[in-house]
file final_16.cif (mmCIF, C-alpha atoms and all ligand atoms)
data_my_file
#
loop_
_atom_site.label_atom_id
_atom_site.label_comp_id
_atom_site.auth_asym_id
_atom_site.auth_seq_id
_atom_site.Cartn_x
_atom_site.Cartn_y
_atom_site.Cartn_z
CA MET N 1 3.17 -19.96 -20.78
CA THR N 2 -0.40 -20.28 -22.05
CA ARG N 3 -3.05 -22.29 -20.25
CA HIS N 4 -6.12 -23.51 -22.10
CA VAL N 5 -8.76 -23.17 -19.38
CA ARG N 6 -11.94 -25.14 -19.95
CA LEU N 7 -15.30 -24.30 -18.39
CA ARG N 8 -15.53 -27.85 -17.02
CA GLU N 9 -12.31 -27.64 -14.99
CA PHE N 10 -13.19 -24.15 -13.75
CA LEU N 11 -16.63 -25.22 -12.51
CA VAL N 12 -15.33 -28.42 -10.89
CA GLY N 13 -12.66 -26.30 -9.14
CA VAL N 14 -15.37 -24.06 -7.67
CA GLU N 15 -17.38 -27.13 -6.61
CA GLY N 16 -14.23 -28.54 -4.97
CA LEU N 17 -13.64 -25.40 -2.94
CA ALA N 18 -17.29 -25.39 -1.88
CA LEU N 19 -17.06 -29.06 -0.87
CA PHE N 20 -13.86 -28.49 1.05
CA ARG N 21 -15.39 -25.62 3.00
CA ASN N 22 -18.43 -27.82 3.71
CA LEU N 23 -16.32 -30.57 5.33
CA VAL N 24 -16.60 -29.35 8.90
CA GLU N 25 -19.18 -26.55 8.84
CA GLY N 26 -21.66 -28.13 6.42
CA ASP N 27 -23.98 -31.11 6.22
CA ASP N 28 -24.32 -34.37 4.27
CA ALA N 29 -27.20 -33.19 2.09
CA THR N 30 -25.22 -30.18 0.84
CA ALA N 31 -22.17 -32.39 0.18
CA GLU N 32 -24.38 -34.75 -1.86
CA GLU N 33 -25.78 -31.84 -3.89
CA ARG N 34 -22.26 -30.68 -4.70
CA ILE N 35 -21.12 -34.20 -5.67
CA GLU N 36 -24.23 -34.66 -7.84
CA GLU N 37 -23.44 -31.38 -9.60
CA VAL N 38 -19.83 -32.49 -10.18
CA ARG N 39 -21.14 -35.78 -11.70
CA ARG N 40 -23.41 -33.74 -14.00
CA ILE N 41 -20.59 -31.42 -15.14
CA VAL N 42 -18.00 -34.17 -15.61
CA GLY N 43 -20.43 -36.62 -17.20
CA SER N 44 -22.15 -34.19 -19.54
CA ASP N 45 -21.62 -34.81 -23.25
CA ASP N 46 -22.53 -31.16 -23.95
CA GLU N 47 -19.04 -30.38 -25.17
CA ALA N 48 -20.24 -27.16 -26.81
CA THR N 49 -20.79 -25.82 -23.27
CA TYR N 50 -18.61 -27.68 -20.76
CA GLY N 51 -15.76 -28.40 -23.17
CA LEU N 52 -15.57 -24.74 -24.15
CA GLY N 53 -12.14 -23.32 -23.39
CA ILE N 54 -10.17 -20.12 -23.66
CA ASP N 55 -6.44 -19.59 -24.08
CA VAL N 56 -5.07 -17.64 -21.14
CA PRO N 57 -1.45 -16.57 -21.72
CA GLU N 58 0.65 -15.26 -18.85
CA LEU N 59 2.01 -11.76 -19.54
CA ASP N 60 4.51 -9.74 -17.53
CA ALA N 61 3.19 -6.55 -15.92
CA ARG N 62 4.37 -4.28 -18.74
CA ALA N 63 2.78 -6.30 -21.55
CA GLY N 64 -0.25 -7.25 -19.46
CA TYR N 65 -1.26 -3.73 -18.49
CA ALA N 66 -0.59 -2.43 -22.01
CA ARG N 67 -3.41 -4.78 -23.10
CA TRP N 68 -5.61 -4.43 -20.01
CA SER N 69 -5.56 -0.60 -19.94
CA ALA N 70 -8.49 -0.20 -22.37
CA THR N 71 -10.87 -2.36 -20.29
CA TYR N 72 -9.40 -1.95 -16.77
CA ASP N 73 -12.02 0.57 -15.63
CA GLU N 74 -15.01 -1.53 -16.69
CA PRO N 75 -17.13 -2.48 -13.65
CA GLY N 76 -17.22 -6.01 -12.22
CA ASN N 77 -13.72 -6.53 -10.79
CA PRO N 78 -14.46 -8.60 -7.64
CA LEU N 79 -11.30 -7.42 -5.91
CA ILE N 80 -12.12 -3.75 -6.39
CA THR N 81 -15.64 -4.26 -5.01
CA VAL N 82 -14.21 -5.35 -1.65
CA GLU N 83 -11.04 -3.21 -1.63
CA GLU N 84 -12.24 0.23 -2.65
CA PRO N 85 -14.60 1.16 0.21
CA VAL N 86 -12.07 0.06 2.84
CA VAL N 87 -9.18 1.94 1.23
CA HIS N 88 -11.22 5.09 0.74
CA GLU N 89 -12.28 5.06 4.39
CA LEU N 90 -8.61 5.07 5.37
CA LEU N 91 -7.60 7.72 2.82
CA VAL N 92 -10.22 10.24 3.99
CA GLU N 93 -8.64 10.23 7.47
CA ALA N 94 -5.49 11.97 6.21
CA PRO N 95 -5.52 15.79 5.96
CA PRO N 96 -4.82 17.20 2.48
CA GLY N 97 -1.13 17.28 1.54
CA LEU N 98 1.16 15.74 -1.05
CA ALA N 99 -0.19 12.28 -1.87
CA LEU N 100 1.50 9.57 -3.90
CA ASP N 101 -0.47 6.92 -5.77
CA ALA N 102 2.23 4.29 -6.37
CA ALA N 103 1.39 1.92 -9.24
CA CYS N 104 -1.53 4.28 -9.87
CA GLY N 105 -2.77 2.47 -12.98
CA THR N 106 -5.63 4.41 -14.55
CA GLY N 107 -5.77 6.71 -11.50
CA ARG N 108 -8.58 5.12 -9.48
CA HIS N 109 -7.21 6.20 -6.08
CA ALA N 110 -5.39 9.26 -7.48
CA ARG N 111 -8.76 10.67 -8.56
CA PHE N 112 -10.24 10.08 -5.10
CA LEU N 113 -7.25 11.80 -3.44
CA ALA N 114 -7.46 14.79 -5.80
CA GLU N 115 -11.19 15.10 -5.07
CA HIS N 116 -10.30 15.22 -1.36
CA GLY N 117 -7.93 18.15 -1.73
CA HIS N 118 -4.53 16.45 -2.09
CA ALA N 119 -1.84 17.43 -4.56
CA VAL N 120 -1.39 14.10 -6.33
CA VAL N 121 1.62 12.42 -7.89
CA GLY N 122 1.05 9.10 -9.64
CA VAL N 123 3.79 6.66 -10.59
CA ASP N 124 3.34 3.55 -12.71
CA GLY N 125 5.40 1.26 -14.90
CA SER N 126 2.83 1.17 -17.72
CA PRO N 127 2.66 4.12 -20.16
CA GLU N 128 -0.75 2.91 -21.36
CA MET N 129 -2.24 2.96 -17.83
CA LEU N 130 -0.60 6.34 -17.10
CA ALA N 131 -2.10 7.85 -20.25
CA ARG N 132 -5.55 7.06 -18.88
CA ALA N 133 -4.69 8.38 -15.40
CA THR N 134 -3.58 11.67 -16.93
CA VAL N 135 -7.01 12.09 -18.52
CA ALA N 136 -8.91 10.89 -15.43
CA VAL N 137 -7.06 13.24 -13.05
CA PRO N 138 -6.12 16.40 -14.96
CA THR N 139 -4.78 18.12 -11.82
CA GLY N 140 -2.37 15.25 -11.00
CA SER N 141 1.17 14.82 -12.20
CA PHE N 142 2.02 11.38 -13.51
CA VAL N 143 5.44 9.84 -13.99
CA GLU N 144 6.57 6.55 -15.46
CA GLY N 145 8.61 4.63 -12.89
CA GLY N 146 9.05 1.43 -10.92
CA LEU N 147 7.90 0.54 -7.43
CA GLU N 148 11.41 -0.72 -6.67
CA GLN N 149 12.93 2.72 -7.44
CA LEU N 150 10.39 5.51 -7.06
CA PRO N 151 11.30 8.69 -8.97
CA LEU N 152 10.71 10.92 -5.90
CA CYS N 153 12.87 12.64 -3.27
CA SER N 154 13.08 11.19 0.23
CA GLY N 155 10.66 12.33 2.95
CA ARG N 156 8.48 14.48 0.64
CA VAL N 157 5.15 12.67 0.68
CA ASP N 158 2.47 13.02 3.38
CA LEU N 159 0.34 10.08 2.28
CA ALA N 160 1.06 7.17 -0.07
CA VAL N 161 -1.28 4.53 -1.39
CA CYS N 162 -0.21 1.44 -3.31
CA ALA N 163 -3.12 -0.71 -4.44
CA LEU N 164 -3.33 -4.04 -6.27
CA ALA N 165 0.29 -4.01 -7.43
CA LEU N 166 2.57 -5.50 -4.76
CA GLY N 167 1.25 -8.98 -5.57
CA HIS N 168 2.90 -8.68 -8.98
CA LEU N 169 6.31 -8.49 -7.29
CA VAL N 170 8.17 -11.67 -6.38
CA GLU N 171 9.55 -9.98 -3.28
CA LEU N 172 8.07 -7.17 -1.17
CA GLY N 173 11.02 -5.68 0.71
CA ARG N 174 12.45 -3.33 -1.92
CA ALA N 175 9.12 -1.71 -2.85
CA ILE N 176 8.08 -1.26 0.79
CA ALA N 177 11.47 0.30 1.62
CA GLU N 178 10.96 2.71 -1.29
CA LEU N 179 7.48 3.72 -0.08
CA ALA N 180 8.92 4.27 3.42
CA ARG N 181 11.77 6.36 1.97
CA VAL N 182 9.54 8.85 0.15
CA VAL N 183 7.04 9.34 3.01
CA ARG N 184 7.91 11.86 5.74
CA PRO N 185 8.19 10.73 9.39
CA GLY N 186 4.65 10.67 10.77
CA GLY N 187 3.22 10.25 7.26
CA ARG N 188 0.80 7.47 6.31
CA ILE N 189 0.95 4.58 3.85
CA VAL N 190 -2.06 2.53 2.77
CA LEU N 191 -1.38 -0.77 1.01
CA ALA N 192 -4.04 -2.99 -0.53
CA ASP N 193 -3.76 -6.20 -2.47
CA LEU N 194 -5.43 -9.44 -3.39
CA HIS N 195 -5.61 -11.45 -0.16
CA PRO N 196 -2.96 -14.23 -0.08
CA THR N 197 -5.74 -16.73 0.63
CA MET N 198 -7.03 -15.97 -2.87
CA SER N 199 -3.71 -15.96 -4.74
CA ALA N 200 -2.54 -19.12 -2.92
CA THR N 201 -5.67 -20.95 -4.10
CA GLY N 202 -5.50 -19.95 -7.77
CA GLY N 203 -6.67 -16.33 -7.83
CA GLN N 204 -4.84 -14.38 -10.53
CA ALA N 205 -5.09 -10.98 -12.22
CA LEU N 206 -7.09 -12.44 -15.09
CA PHE N 207 -8.59 -10.00 -17.56
CA ARG N 208 -10.42 -9.69 -20.84
CA ALA N 209 -8.87 -7.27 -23.35
CA ALA N 210 -10.78 -5.01 -25.74
CA ASP N 211 -10.42 -7.58 -28.56
CA GLY N 212 -12.20 -10.22 -26.41
CA THR N 213 -9.09 -12.30 -25.68
CA SER N 214 -8.02 -13.10 -22.11
CA ALA N 215 -4.67 -13.14 -20.31
CA PHE N 216 -3.30 -12.90 -16.79
CA VAL N 217 -0.53 -11.17 -14.87
CA ARG N 218 0.82 -13.35 -12.07
CA GLU N 219 -0.13 -12.69 -8.45
CA HIS N 220 2.45 -13.88 -5.90
CA PRO N 221 0.88 -14.71 -2.54
CA HIS N 222 2.60 -12.57 0.12
CA LEU N 223 1.80 -13.80 3.60
CA HIS N 224 1.30 -11.52 6.58
CA SER N 225 4.70 -12.60 7.94
CA GLU N 226 6.43 -11.28 4.78
CA TYR N 227 4.67 -7.92 5.08
CA LEU N 228 5.47 -7.61 8.79
CA ALA N 229 9.16 -8.36 8.19
CA ALA N 230 9.30 -5.73 5.41
CA PHE N 231 7.53 -3.13 7.60
CA ALA N 232 9.92 -3.75 10.51
CA ALA N 233 12.95 -3.42 8.21
CA SER N 234 11.65 -0.11 6.80
CA GLY N 235 10.57 1.65 10.01
CA LEU N 236 6.83 1.30 9.40
CA GLU N 237 4.33 0.86 12.19
CA VAL N 238 1.06 -1.02 11.63
CA ARG N 239 -1.97 1.06 12.64
CA ARG N 240 -4.53 -1.41 11.29
CA CYS N 241 -4.75 -4.53 9.18
CA LEU N 242 -8.12 -5.04 7.45
CA GLU N 243 -9.34 -8.09 5.52
CA PRO N 244 -12.66 -7.30 3.80
CA ARG N 245 -14.59 -10.44 2.88
CA PHE N 246 -16.71 -11.41 -0.10
CA ASP N 247 -20.43 -11.31 0.58
CA GLU N 248 -23.24 -12.31 -1.76
CA SER N 249 -23.18 -8.90 -3.45
CA ALA N 250 -19.49 -9.27 -4.44
CA ALA N 251 -18.81 -9.33 -8.16
CA VAL N 252 -17.44 -12.87 -7.87
CA MET N 253 -21.04 -13.92 -7.17
CA GLN N 254 -22.13 -12.52 -10.52
CA GLY N 255 -19.37 -13.99 -12.70
CA PRO N 256 -19.34 -17.04 -15.00
CA ALA N 257 -19.14 -19.57 -12.16
CA HIS N 258 -22.26 -18.09 -10.60
CA HIS N 259 -24.06 -18.29 -13.93
CA PHE N 260 -23.56 -22.10 -14.14
CA VAL N 261 -23.32 -23.21 -10.48
CA PRO N 262 -24.76 -20.40 -8.30
CA GLU N 263 -25.06 -22.32 -5.02
CA ALA N 264 -21.55 -23.75 -5.27
CA THR N 265 -20.13 -20.30 -6.08
CA VAL N 266 -21.70 -18.70 -3.01
CA ALA N 267 -20.61 -21.64 -0.83
CA ALA N 268 -17.07 -21.46 -2.23
CA PHE N 269 -16.42 -17.72 -1.86
CA ARG N 270 -18.84 -16.16 0.66
CA GLY N 271 -16.95 -15.08 3.77
CA LEU N 272 -13.46 -15.53 2.34
CA PRO N 273 -11.19 -12.48 2.62
CA GLY N 274 -10.84 -10.86 -0.80
CA ALA N 275 -8.33 -8.13 -0.01
CA LEU N 276 -5.55 -7.49 2.47
CA VAL N 277 -5.31 -3.81 3.47
CA TRP N 278 -2.60 -2.26 5.68
CA ASP N 279 -2.77 1.15 7.30
CA LEU N 280 0.80 2.16 8.21
CA GLU N 281 2.64 5.07 9.77
CA ARG N 282 6.23 6.06 9.02
CA ARG N 283 8.17 6.29 12.29
C1 LIG P 301 -4.14 -3.94 -10.94
S1 LIG P 301 -3.37 -2.45 -11.47
C2 LIG P 301 -3.75 -1.39 -10.09
C3 LIG P 301 -3.88 0.03 -10.51
C4 LIG P 301 -4.38 0.96 -9.41
N1 LIG P 301 -3.46 1.03 -8.31
C5 LIG P 301 -5.71 0.45 -8.91
O1 LIG P 301 -5.76 -0.03 -7.77
O2 LIG P 301 -6.70 0.52 -9.66
C6 LIG P 301 -1.65 -2.78 -11.18
C7 LIG P 301 -0.76 -1.62 -11.66
O3 LIG P 301 0.54 -1.85 -11.15
C8 LIG P 301 1.48 -1.46 -12.13
N2 LIG P 301 2.74 -2.15 -11.83
C9 LIG P 301 2.94 -3.47 -11.71
N3 LIG P 301 4.21 -3.72 -11.36
C10 LIG P 301 4.82 -2.52 -11.26
C11 LIG P 301 6.14 -2.10 -10.91
N4 LIG P 301 7.07 -2.99 -10.59
N5 LIG P 301 6.41 -0.78 -10.89
C12 LIG P 301 5.45 0.14 -11.21
N6 LIG P 301 4.20 -0.20 -11.53
C13 LIG P 301 3.88 -1.50 -11.55
C14 LIG P 301 0.84 -1.87 -13.44
O4 LIG P 301 1.39 -1.19 -14.55
C15 LIG P 301 -0.62 -1.53 -13.16
O5 LIG P 301 -0.95 -0.24 -13.61
#
call {"tool": "encode", "arguments": {"input": "final_16.cif", "output": "structure tokens", "more": "lines below"}}
Ligand SMILES: C[S@@+](CC[C@H](N)C(=O)[O-])C[C@H]1O[C@@H](n2cnc3c(N)ncnc32)[C@H](O)[C@@H]1O
result
Amino acid sequence: MTRHVRLREFLVGVEGLALFRNLVEGDDATAEERIEEVRRIVGSDDEATYGLGIDVPELDARAGYARWSATYDEPGNPLITVEEPVVHELLVEAPPGLALDAACGTGRHARFLAEHGHAVVGVDGSPEMLARATVAVPTGSFVEGGLEQLPLCSGRVDLAVCALALGHLVELGRAIAELARVVRPGGRIVLADLHPTMSATGGQALFRAADGTSAFVREHPHLHSEYLAAFAASGLEVRRCLEPRFDESAAVMQGPAHHFVPEATVAAFRGLPGALVWDLERR
């Protein structure tokens, strides 16, 4: 499936979210400003700007990350700006041991764990992402494998992190059971993903590849109830659930929407939870 996304529909979508959030908390003058801006965008005959569109094909995780790997570590990912500080605060609590970065990608968290004294194993389904992780974390060992069947023995790992990957799975239970299997009793698991509020309202893993083209890998919104059922079935106890929110410094406030409709972008996204982070203990 390929969508042809036009700037006009994207901007009106942001205006709509801003208007919706203004319904109860806002005021009439702000609503009028938003509606006036929508009129301007929809009514403009500047097709060179507002009619501009890009093809955005949907790719599966394997094909998507093969293409994304070359640009994945470029700054400006709004999800990473809210997720990373919260996850790192949790990871530093664990004493050094054997740490697993599941769906490690280019090794963002694996590198942090190695720098904090852990022996690191990274697993990922994308050879292209793993190749970059191997360079980024020379002391780590990296293995190609799937979240639904981790290539590790049971009960070996002291600490596991799985970031920004579970949303790509249609169903959570199998991957969470696998994480619980490889972690020793008393060991910790940190999960982080795009908040379901975002994926349920259109947020996707959209990226720009090195050749300038765009694509996305689907994000499935997993609600808290789905996570809690999977944790209960796998013997995992919730220590904390954290939901860091977008503030005005978040990268989403510096993206293309902000360039064209800055006030609407801030009104649409400020205060919404960007990431869902779970701190778990294996019983
Ligand atoms: C958005 S990246 C996150 C990478 C890294 N964890 C981070 O937070 O920067 C998602 C990663 O999940 C991997 N992935 C997606 N589905 C997977 C699966 N079923 N099994 C293993 N890896 C998977 C992709 O190859 C990709 O490297």
call {"tool": "residues_near_ligand", "arguments": {"input": "final_16.cif", "ligand": "ligand LIG 301 (chain P)", "cutoff": "7 Å", "atoms": "only C-alpha atoms and all ligand atoms", "output": "PyMOL selection string"}}
result
chain N and resi 61-62+65+102-109+123-126+129+145-148+162-165+168-169
call {"tool": "atom_distance", "arguments": {"input": "final_16.cif", "atom1": "CA of Leu159 (chain N)", "atom2": "CA of Leu98 (chain N)"}}
result
6.6 Å
call {"tool": "atom_distance", "arguments": {"input": "final_16.cif", "atom1": "CA of His88 (chain N)", "atom2": "CA of Arg111 (chain N)"}}
result
11.1 Å
call {"tool": "residues_around", "arguments": {"input": "final_16.cif", "residues": "Trp68 (chain N)", "least_positions_apart": "4", "cutoff": "12 Å", "atoms": "all atoms listed in the file", "output": "PyMOL selection string"}}
result
chain N and resi 59-64+72-74+105-106+126-129+132+205-217
call {"tool": "closest_residue", "arguments": {"input": "final_16.cif", "among": "N:Gln149, N:Ser234, N:Val252, N:His222", "to": "Ala264 (chain N)", "atoms": "only C-alpha atoms"}}
result
N:Val252
call {"tool": "closest_residue", "arguments": {"input": "final_16.cif", "among": "N:Ala257, N:Ala66, N:Val182, N:Ala119", "to": "Leu150 (chain N)", "atoms": "all atoms listed in the file"}}
result
N:Val182
call {"tool": "closest_residue", "arguments": {"input": "final_16.cif", "among": "N:Leu7, N:Val14, N:Val56, N:Leu280", "to": "Arg218 (chain N)", "atoms": "all atoms listed in the file"}}
result
N:Val56
call {"tool": "atom_distance", "arguments": {"input": "final_16.cif", "atom1": "CA of Glu219 (chain N)", "atom2": "CA of Cys241 (chain N)"}}
result
20.0 Å
call {"tool": "residues_near_point", "arguments": {"input": "final_16.cif", "point": "(-7.8, 13.8, 3.9)", "cutoff": "9 Å", "atoms": "all atoms listed in the file", "output": "number ranges by chain"}}
result
N: 90-97, 113, 116-118
call {"tool": "closest_residue", "arguments": {"input": "final_16.cif", "among": "N:Gly76, N:Leu17, N:Val42, N:Val86", "to": "Val266 (chain N)", "atoms": "all atoms listed in the file"}}
result
N:Leu17
call {"tool": "closest_residue", "arguments": {"input": "final_16.cif", "among": "N:Gly167, N:Pro75, N:Gly13, N:Gly53", "to": "Arg34 (chain N)", "atoms": "only C-alpha atoms"}}
result
N:Gly13
call {"tool": "closest_residue", "arguments": {"input": "final_16.cif", "among": "N:Ser44, N:Ser225, N:Ser69, N:Thr201", "to": "Gly16 (chain N)", "atoms": "all atoms listed in the file"}}
result
N:Thr201
call {"tool": "residues_around", "arguments": {"input": "final_16.cif", "residues": "region 268-274 of chain N", "least_positions_apart": "2", "cutoff": "9 Å", "atoms": "only C-alpha atoms", "output": "JSON, numbers by chain"}}
result
{"N": [14, 15, 16, 17, 18, 19, 20, 21, 22, 78, 79, 82, 83, 193, 194, 195, 196, 197, 198, 243, 244, 245, 246, 247, 248, 250, 252, 253, 263, 264, 265, 266, 276]}
call {"tool": "residues_around", "arguments": {"input": "final_16.cif", "residues": "Glu115 (chain N)", "least_positions_apart": "5", "cutoff": "10 Å", "atoms": "all atoms listed in the file", "output": "PyMOL selection string"}}
result
chain N and resi 109-110+120+137+139
